[in-house]
Structures are given as structure tokens and as C-alpha cells.
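Novice: For reference, this is run10.pdb, and it has PDB, C-alpha atoms and all ligand atoms.
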ATOM      1  CA  MET A   1      30.740   0.113 -71.692  1.00  0.00           C
ATOM      2  CA  GLY A   2      31.119   1.102 -75.263  1.00  0.00           C
ATOM      3  CA  VAL A   3      29.412   3.702 -77.227  1.00  0.00           C
ATOM      4  CA  SER A   4      25.827   3.696 -76.251  1.00  0.00           C
ATOM      5  CA  PRO A   5      23.766   6.533 -77.599  1.00  0.00           C
ATOM      6  CA  ASN A   6      23.408   8.190 -74.252  1.00  0.00           C
ATOM      7  CA  GLY A   7      19.809   8.976 -73.585  1.00  0.00           C
ATOM      8  CA  ASP A   8      20.755  11.212 -70.713  1.00  0.00           C
ATOM      9  CA  GLU A   9      22.925  13.754 -72.333  1.00  0.00           C
ATOM     10  CA  GLY A  10      23.635  17.014 -70.721  1.00  0.00           C
ATOM     11  CA  GLU A  11      26.543  15.826 -68.710  1.00  0.00           C
ATOM     12  CA  ASN A  12      29.234  15.127 -71.142  1.00  0.00           C
ATOM     13  CA  ASP A  13      27.683  16.683 -74.133  1.00  0.00           C
ATOM     14  CA  VAL A  14      27.125  20.204 -73.492  1.00  0.00           C
ATOM     15  CA  ASP A  15      24.445  20.836 -75.997  1.00  0.00           C
ATOM     16  CA  GLU A  16      23.010  19.645 -79.225  1.00  0.00           C
ATOM     17  CA  GLY A  17      24.947  17.391 -81.463  1.00  0.00           C
ATOM     18  CA  MET A  18      25.433  14.212 -79.515  1.00  0.00           C
ATOM     19  CA  ARG A  19      27.108  12.711 -82.520  1.00  0.00           C
ATOM     20  CA  VAL A  20      30.301  11.697 -80.870  1.00  0.00           C
ATOM     21  CA  ALA A  21      30.796   8.988 -78.284  1.00  0.00           C
ATOM     22  CA  ARG A  22      31.007   9.981 -74.661  1.00  0.00           C
ATOM     23  CA  ILE A  23      34.290   9.645 -72.938  1.00  0.00           C
ATOM     24  CA  ARG A  24      34.996   8.597 -69.399  1.00  0.00           C
ATOM     25  CA  ASP A  25      37.973  10.767 -68.476  1.00  0.00           C
ATOM     26  CA  GLY A  26      39.585  13.335 -70.653  1.00  0.00           C
ATOM     27  CA  THR A  27      38.810  16.530 -72.472  1.00  0.00           C
ATOM     28  CA  VAL A  28      36.032  17.621 -74.779  1.00  0.00           C
ATOM     29  CA  ILE A  29      36.805  20.607 -76.941  1.00  0.00           C
ATOM     30  CA  ASP A  30      33.438  21.816 -78.118  1.00  0.00           C
ATOM     31  CA  HIS A  31      32.290  24.683 -80.319  1.00  0.00           C
ATOM     32  CA  VAL A  32      35.321  24.470 -82.514  1.00  0.00           C
ATOM     33  CA  ARG A  33      34.717  26.338 -85.735  1.00  0.00           C
ATOM     34  CA  ALA A  34      33.748  23.907 -88.446  1.00  0.00           C
ATOM     35  CA  GLY A  35      36.828  22.867 -90.342  1.00  0.00           C
ATOM     36  CA  GLN A  36      39.257  23.441 -87.480  1.00  0.00           C
ATOM     37  CA  ALA A  37      39.069  20.047 -85.747  1.00  0.00           C
ATOM     38  CA  LEU A  38      42.133  18.713 -87.509  1.00  0.00           C
ATOM     39  CA  ASN A  39      44.090  21.811 -86.587  1.00  0.00           C
ATOM     40  CA  VAL A  40      43.073  21.328 -82.970  1.00  0.00           C
ATOM     41  CA  LEU A  41      44.424  17.791 -83.184  1.00  0.00           C
ATOM     42  CA  ARG A  42      47.649  19.134 -84.614  1.00  0.00           C
ATOM     43  CA  VAL A  43      48.002  21.576 -81.742  1.00  0.00           C
ATOM     44  CA  LEU A  44      47.600  18.653 -79.374  1.00  0.00           C
ATOM     45  CA  GLY A  45      50.193  16.661 -81.277  1.00  0.00           C
ATOM     46  CA  ILE A  46      47.672  13.975 -82.145  1.00  0.00           C
ATOM     47  CA  ASP A  47      48.325  12.339 -85.484  1.00  0.00           C
ATOM     48  CA  GLY A  48      46.811   8.954 -84.858  1.00  0.00           C
ATOM     49  CA  GLY A  49      50.160   7.389 -84.152  1.00  0.00           C
ATOM     50  CA  GLY A  50      50.358   7.884 -80.420  1.00  0.00           C
ATOM     51  CA  GLY A  51      47.629   5.555 -79.321  1.00  0.00           C
ATOM     52  CA  ASP A  52      45.370   8.332 -78.085  1.00  0.00           C
ATOM     53  CA  THR A  53      41.672   7.516 -78.132  1.00  0.00           C
ATOM     54  CA  VAL A  54      40.135  10.428 -79.969  1.00  0.00           C
ATOM     55  CA  SER A  55      36.671  11.103 -81.331  1.00  0.00           C
ATOM     56  CA  VAL A  56      36.060  13.892 -83.768  1.00  0.00           C
ATOM     57  CA  GLY A  57      32.749  15.276 -84.925  1.00  0.00           C
ATOM     58  CA  MET A  58      32.825  17.536 -87.921  1.00  0.00           C
ATOM     59  CA  ASN A  59      30.161  19.876 -89.189  1.00  0.00           C
ATOM     60  CA  VAL A  60      27.851  19.056 -86.324  1.00  0.00           C
ATOM     61  CA  PRO A  61      24.755  21.278 -86.221  1.00  0.00           C
ATOM     62  CA  SER A  62      25.100  23.953 -83.564  1.00  0.00           C
ATOM     63  CA  ASP A  63      22.735  26.634 -82.362  1.00  0.00           C
ATOM     64  CA  ARG A  64      25.543  29.011 -81.718  1.00  0.00           C
ATOM     65  CA  LEU A  65      27.807  28.463 -84.682  1.00  0.00           C
ATOM     66  CA  GLY A  66      25.571  26.935 -87.318  1.00  0.00           C
ATOM     67  CA  GLU A  67      28.014  24.113 -87.667  1.00  0.00           C
ATOM     68  CA  LYS A  68      30.825  23.174 -85.389  1.00  0.00           C
ATOM     69  CA  ASP A  69      33.474  20.585 -84.832  1.00  0.00           C
ATOM     70  CA  VAL A  70      33.904  18.671 -81.589  1.00  0.00           C
ATOM     71  CA  VAL A  71      37.067  16.937 -80.445  1.00  0.00           C
ATOM     72  CA  LYS A  72      37.115  14.439 -77.583  1.00  0.00           C
ATOM     73  CA  VAL A  73      40.344  13.109 -76.250  1.00  0.00           C
ATOM     74  CA  GLU A  74      40.242  10.239 -73.813  1.00  0.00           C
ATOM     75  CA  GLY A  75      42.600  10.252 -70.850  1.00  0.00           C
ATOM     76  CA  ARG A  76      44.106  13.627 -71.465  1.00  0.00           C
ATOM     77  CA  GLU A  77      43.894  17.025 -69.841  1.00  0.00           C
ATOM     78  CA  LEU A  78      45.185  20.029 -71.722  1.00  0.00           C
ATOM     79  CA  SER A  79      47.942  22.344 -70.632  1.00  0.00           C
ATOM     80  CA  GLN A  80      47.282  26.060 -70.474  1.00  0.00           C
ATOM     81  CA  ALA A  81      49.726  26.512 -73.354  1.00  0.00           C
ATOM     82  CA  GLU A  82      47.653  24.154 -75.498  1.00  0.00           C
ATOM     83  CA  VAL A  83      44.420  25.875 -74.547  1.00  0.00           C
ATOM     84  CA  ASP A  84      45.962  29.239 -75.413  1.00  0.00           C
ATOM     85  CA  VAL A  85      46.882  28.147 -78.912  1.00  0.00           C
ATOM     86  CA  ILE A  86      43.526  26.449 -79.421  1.00  0.00           C
ATOM     87  CA  SER A  87      41.882  29.751 -78.547  1.00  0.00           C
ATOM     88  CA  LEU A  88      43.631  31.316 -81.522  1.00  0.00           C
ATOM     89  CA  ILE A  89      42.276  28.835 -84.044  1.00  0.00           C
ATOM     90  CA  ALA A  90      38.965  28.139 -82.297  1.00  0.00           C
ATOM     91  CA  PRO A  91      38.024  31.335 -80.468  1.00  0.00           C
ATOM     92  CA  ASP A  92      34.522  30.143 -79.614  1.00  0.00           C
ATOM     93  CA  ALA A  93      35.640  26.849 -78.158  1.00  0.00           C
ATOM     94  CA  THR A  94      34.684  25.513 -74.780  1.00  0.00           C
ATOM     95  CA  VAL A  95      37.058  23.133 -73.067  1.00  0.00           C
ATOM     96  CA  ASN A  96      35.339  20.622 -70.836  1.00  0.00           C
ATOM     97  CA  LEU A  97      37.255  18.486 -68.422  1.00  0.00           C
ATOM     98  CA  ILE A  98      35.572  15.117 -68.018  1.00  0.00           C
ATOM     99  CA  ARG A  99      35.971  12.771 -65.118  1.00  0.00           C
ATOM    100  CA  ASP A 100      33.901   9.654 -64.708  1.00  0.00           C
ATOM    101  CA  TYR A 101      31.626  10.755 -67.568  1.00  0.00           C
ATOM    102  CA  GLY A 102      30.788  14.055 -65.930  1.00  0.00           C
ATOM    103  CA  VAL A 103      31.910  17.585 -66.683  1.00  0.00           C
ATOM    104  CA  VAL A 104      34.005  18.713 -63.729  1.00  0.00           C
ATOM    105  CA  GLU A 105      35.206  21.916 -65.300  1.00  0.00           C
ATOM    106  CA  LYS A 106      33.995  23.889 -68.256  1.00  0.00           C
ATOM    107  CA  ARG A 107      35.710  26.945 -69.554  1.00  0.00           C
ATOM    108  CA  ARG A 108      35.487  29.198 -72.524  1.00  0.00           C
ATOM    109  CA  VAL A 109      38.784  29.884 -74.109  1.00  0.00           C
ATOM    110  CA  SER A 110      40.009  33.436 -74.134  1.00  0.00           C
ATOM    111  CA  ARG A 111      42.500  34.989 -76.424  1.00  0.00           C
ATOM    112  CA  PRO A 112      45.808  35.162 -74.583  1.00  0.00           C
ATOM    113  CA  ASP A 113      48.271  38.073 -74.720  1.00  0.00           C
ATOM    114  CA  ARG A 114      51.092  35.615 -75.092  1.00  0.00           C
ATOM    115  CA  VAL A 115      51.647  32.006 -76.118  1.00  0.00           C
ATOM    116  CA  ALA A 116      54.688  29.984 -75.245  1.00  0.00           C
ATOM    117  CA  GLY A 117      55.965  26.543 -75.945  1.00  0.00           C
ATOM    118  CA  VAL A 118      53.535  25.313 -78.586  1.00  0.00           C
ATOM    119  CA  VAL A 119      54.363  27.390 -81.644  1.00  0.00           C
ATOM    120  CA  SER A 120      57.919  27.584 -82.929  1.00  0.00           C
ATOM    121  CA  CYS A 121      59.558  30.585 -84.525  1.00  0.00           C
ATOM    122  CA  PRO A 122      59.937  30.358 -88.319  1.00  0.00           C
ATOM    123  CA  ASN A 123      63.174  32.354 -88.252  1.00  0.00           C
ATOM    124  CA  PRO A 124      66.018  29.824 -88.520  1.00  0.00           C
ATOM    125  CA  ARG A 125      68.409  32.310 -86.890  1.00  0.00           C
ATOM    126  CA  CYS A 126      66.182  32.860 -83.884  1.00  0.00           C
ATOM    127  CA  ILE A 127      67.708  31.784 -80.597  1.00  0.00           C
ATOM    128  CA  THR A 128      64.627  29.674 -79.902  1.00  0.00           C
ATOM    129  CA  THR A 129      65.260  27.526 -82.964  1.00  0.00           C
ATOM    130  CA  ALA A 130      68.905  26.911 -82.125  1.00  0.00           C
ATOM    131  CA  ASN A 131      69.866  24.197 -79.719  1.00  0.00           C
ATOM    132  CA  GLU A 132      69.254  26.451 -76.795  1.00  0.00           C
ATOM    133  CA  PRO A 133      66.976  25.567 -73.950  1.00  0.00           C
ATOM    134  CA  VAL A 134      64.732  28.486 -74.794  1.00  0.00           C
ATOM    135  CA  ASP A 135      61.081  27.927 -75.623  1.00  0.00           C
ATOM    136  CA  ALA A 136      59.651  30.176 -78.262  1.00  0.00           C
ATOM    137  CA  ALA A 137      57.246  32.736 -76.887  1.00  0.00           C
ATOM    138  CA  PHE A 138      55.057  35.056 -78.878  1.00  0.00           C
ATOM    139  CA  GLU A 139      53.094  38.172 -78.285  1.00  0.00           C
ATOM    140  CA  VAL A 140      49.586  37.753 -79.705  1.00  0.00           C
ATOM    141  CA  LEU A 141      48.778  40.475 -82.234  1.00  0.00           C
ATOM    142  CA  ALA A 142      45.480  41.149 -83.913  1.00  0.00           C
ATOM    143  CA  ASP A 143      46.665  39.398 -87.048  1.00  0.00           C
ATOM    144  CA  GLY A 144      49.523  37.189 -86.011  1.00  0.00           C
ATOM    145  CA  LEU A 145      52.104  36.292 -83.425  1.00  0.00           C
ATOM    146  CA  ARG A 146      55.328  38.182 -82.808  1.00  0.00           C
ATOM    147  CA  CYS A 147      58.350  36.296 -81.528  1.00  0.00           C
ATOM    148  CA  GLU A 148      59.540  37.841 -78.278  1.00  0.00           C
ATOM    149  CA  TYR A 149      63.135  37.053 -79.136  1.00  0.00           C
ATOM    150  CA  CYS A 150      63.584  38.121 -82.743  1.00  0.00           C
ATOM    151  CA  ASP A 151      60.376  40.032 -83.568  1.00  0.00           C
ATOM    152  CA  THR A 152      59.525  37.734 -86.469  1.00  0.00           C
ATOM    153  CA  VAL A 153      55.786  37.849 -87.054  1.00  0.00           C
ATOM    154  CA  VAL A 154      53.925  34.620 -87.795  1.00  0.00           C
ATOM    155  CA  ARG A 155      50.855  35.230 -89.922  1.00  0.00           C
ATOM    156  CA  GLY A 156      48.390  32.899 -91.521  1.00  0.00           C
ATOM    157  CA  GLU A 157      48.063  29.356 -90.342  1.00  0.00           C
ATOM    158  CA  ILE A 158      49.517  29.057 -86.883  1.00  0.00           C
ATOM    159  CA  THR A 159      49.337  25.316 -87.220  1.00  0.00           C
ATOM    160  CA  ASP A 160      52.001  25.452 -89.898  1.00  0.00           C
ATOM    161  CA  HIS A 161      54.411  26.535 -87.174  1.00  0.00           C
ATOM    162  CA  LEU A 162      53.779  24.108 -84.376  1.00  0.00           C
ATOM    163  CA  ALA A 163      56.729  23.066 -82.296  1.00  0.00           C
ATOM    164  CA  GLU A 164      57.677  19.410 -82.422  1.00  0.00           C
TER     165      GLU A 164
HETATM  166 ZN    ZN B 201      62.120  34.189 -83.149  1.00  0.00          ZN
END
Before we go any further, please render this structure as C-alpha cells.
Specialist:
Amino acid sequence: MGVSPNGDEGENDVDEGMRVARIRDGTVIDHVRAGQALNVLRVLGIDGGGGDTVSVGMNVPSDRLGEKDVVKVEGRELSQAEVDVISLIAPDATVNLIRDYGVVEKRRVSRPDRVAGVVSCPNPRCITTANEPVDAAFEVLADGLRCEYCDTVVRGEITDHLAE
């Protein structure tokens, strides 16, 4: 197969900007705000070391956003927890599930009330950062995330606080 410049877009590539290779099975995260693609990869735990096949388009022209980033991950479907955190850094994103080169599910992300399991609490005394089997969970505020266990508020770059 390989990376042919698909003449028949529309399936995999939702709109303009067919700058990134199609994938067979996996997830396309489209309409990511320009500049956020690498943070999306960080949320997904992709650092190039895990053998994931990933295509990234940055600053792709977009009708809706002016410029956007696109992330395509081969052979991977996202958990709801991952989608929830992506929605915080890429609120306009669409998450497209691809099977056999076709979009089988397409959803806009929506800002969750709560995120759990992806972000870790920055408070070293928080029960979630001790060796307890407790996943950090946060209430989503307008300008940050509040730990449900210790009330510490995470502001700024969420991706600086990703769980391992
Ligand atoms: Zn905490």
C-alpha cells in the first residue's frame, strides 16, 4: 500500500488538508489547534519510542481554524479518559475512528466535568501520588483542574502534569 496521495479523499480525511498519509486502522485526531499536536502526542504517551506508527500534520490550512494540526495514530483507539484530556488542550478537535481506511465513527470532543487517570496531581502529599491504588481524578474548572482528593488546582499546561 504505502502513502499514495489519495485522489478520493473524503473518507479518511475529513476535510481540506490532505497533507498526512491515510491510515488503515486507528484514530485521526483532526482540528487540533495549531501548535498542540505534540501535546496531544504527550497525552497519548507517544514519544516515538513505543513503535507506534504516527503521522502528524502541523499548521495545515483549515477553513474552520485557519491553521490546524492533525494527528493520526495507526492501530490505536483512544480511551474516553484520553479523549477527555485532549478536549482540554484541543477543544475543537474531532476524533475519527478509522477501520479499513474508512471513518466508522466521528465525534467532536466535549469538555468533560471530570478527568481521571491521565493527569497526575502535583501535590506530593496527595493520596493519589503515594503508592496507593488510587487514580488521580480532577474536577474541570474554567481555568484549571481541581484534584478531587486534596483540592490542589492544576493551572497552565495540563501536559506538564501527565501521569506516567
Ligand atoms: Zn491531589
Novice: Would you name the residues within 9 Å of ligand ZN 201 (chain B), counting all atoms listed in the file, and put them as a list in words?
Specialist: Ser120, Cys121, Pro122, Asn123, Pro124, Arg125, Cys126, Ile127, Thr128, Thr129, Ala136, Ala137, Phe138, Arg146, Cys147, Glu148, Tyr149, Cys150, Asp151, Thr152 and Val153 of chain A
Novice: Could you spell out the hits of the PyMOL selection byres (((chain A and resi 109-118) around 7) and not hetatm) on the shown file, as a list in words?
Specialist: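 So the PyMOL selection byres (((chain A and resi 109-118) around 7) and not hetatm) ends up selecting Ala81, Glu82, Val83, Asp84, Val85, Ser87, Leu88, Pro91, Asp92, Ala93, Thr94, Arg107, Arg108, Val119, Ser120, Asp135, Ala136, Ala137, Phe138, Glu139, Val140, Leu162 and Ala163 of chain A.
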Novice: Any idea what the distance is between CA of Glu67 (chain A) and CA of Asn39 (chain A)?
Specialist: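 These atoms are spaced 16.3 Å apart.
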Novice: May I have the protein, DNA and RNA residues with an atom at most 10 Å from (41.9, 12.5, -68.9), counting all atoms listed in the file in the file's coordinates, returned as a PyMOL selection string?
Specialist: chain A and resi 23-28+73-78+97-100
Novice: Evaluate the PyMOL selection byres (((chain A and resi 158) around 9) and not hetatm) against this structure - the residues, as a list in words, please.
Specialist: Val85, Leu88, Ile89, Val119, Gly144, Leu145, Val154, Arg155, Gly156, Glu157, Thr159, Asp160, His161 and Leu162 of chain A
Novice: Report, in Å to a single decimal, how far apart CA of Asp63 (chain A) and CA of Arg42 (chain A) are.
Specialist: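 We find that CA of Arg42 (chain A) and CA of Asp63 (chain A) lie 26.1 Å from each other.
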Novice: What gap, in Å, lies between CA of Gln80 (chain A) and CA of Ile29 (chain A)?
Specialist: 13.5 Å
Novice: Please identify all polymer residues lying at most 9 Å from the point (31.2, 18.9, -82.3) (file coordinates), using all atoms listed in the file, and present the result as a PDB file with C-alpha atoms, keeping the file's coordinate frame.
Specialist:
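Final file, result.pdb:
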ATOM      1  CA  GLU A  16      23.010  19.645 -79.225  1.00  0.00           C
ATOM      2  CA  GLY A  17      24.947  17.391 -81.463  1.00  0.00           C
ATOM      3  CA  MET A  18      25.433  14.212 -79.515  1.00  0.00           C
ATOM      4  CA  ARG A  19      27.108  12.711 -82.520  1.00  0.00           C
ATOM      5  CA  VAL A  20      30.301  11.697 -80.870  1.00  0.00           C
ATOM      6  CA  ILE A  29      36.805  20.607 -76.941  1.00  0.00           C
ATOM      7  CA  ASP A  30      33.438  21.816 -78.118  1.00  0.00           C
ATOM      8  CA  HIS A  31      32.290  24.683 -80.319  1.00  0.00           C
ATOM      9  CA  VAL A  32      35.321  24.470 -82.514  1.00  0.00           C
ATOM     10  CA  ARG A  33      34.717  26.338 -85.735  1.00  0.00           C
ATOM     11  CA  ALA A  34      33.748  23.907 -88.446  1.00  0.00           C
ATOM     12  CA  ALA A  37      39.069  20.047 -85.747  1.00  0.00           C
ATOM     13  CA  VAL A  56      36.060  13.892 -83.768  1.00  0.00           C
ATOM     14  CA  GLY A  57      32.749  15.276 -84.925  1.00  0.00           C
ATOM     15  CA  MET A  58      32.825  17.536 -87.921  1.00  0.00           C
ATOM     16  CA  ASN A  59      30.161  19.876 -89.189  1.00  0.00           C
ATOM     17  CA  VAL A  60      27.851  19.056 -86.324  1.00  0.00           C
ATOM     18  CA  PRO A  61      24.755  21.278 -86.221  1.00  0.00           C
ATOM     19  CA  SER A  62      25.100  23.953 -83.564  1.00  0.00           C
ATOM     20  CA  GLU A  67      28.014  24.113 -87.667  1.00  0.00           C
ATOM     21  CA  LYS A  68      30.825  23.174 -85.389  1.00  0.00           C
ATOM     22  CA  ASP A  69      33.474  20.585 -84.832  1.00  0.00           C
ATOM     23  CA  VAL A  70      33.904  18.671 -81.589  1.00  0.00           C
ATOM     24  CA  VAL A  71      37.067  16.937 -80.445  1.00  0.00           C
ATOM     25  CA  LYS A  72      37.115  14.439 -77.583  1.00  0.00           C
TER      26      LYS A  72
END
Novice: With all atoms listed in the file as the basis for distance, which of A:Leu141, A:Val104, A:Ile86, A:Val95 is at the shortest distance from Gln36 (chain A)?
Specialist: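 That would be A:Ile86, the residue with the smallest distance to Gln36 (chain A).
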Novice: So, counting only C-alpha atoms, which residue among A:Gly102, A:Gly45, A:Gly35, A:Gly50 is closest to Arg22 (chain A)?
Specialist: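 Among the listed residues, A:Gly102 lies closest to Arg22 (chain A).
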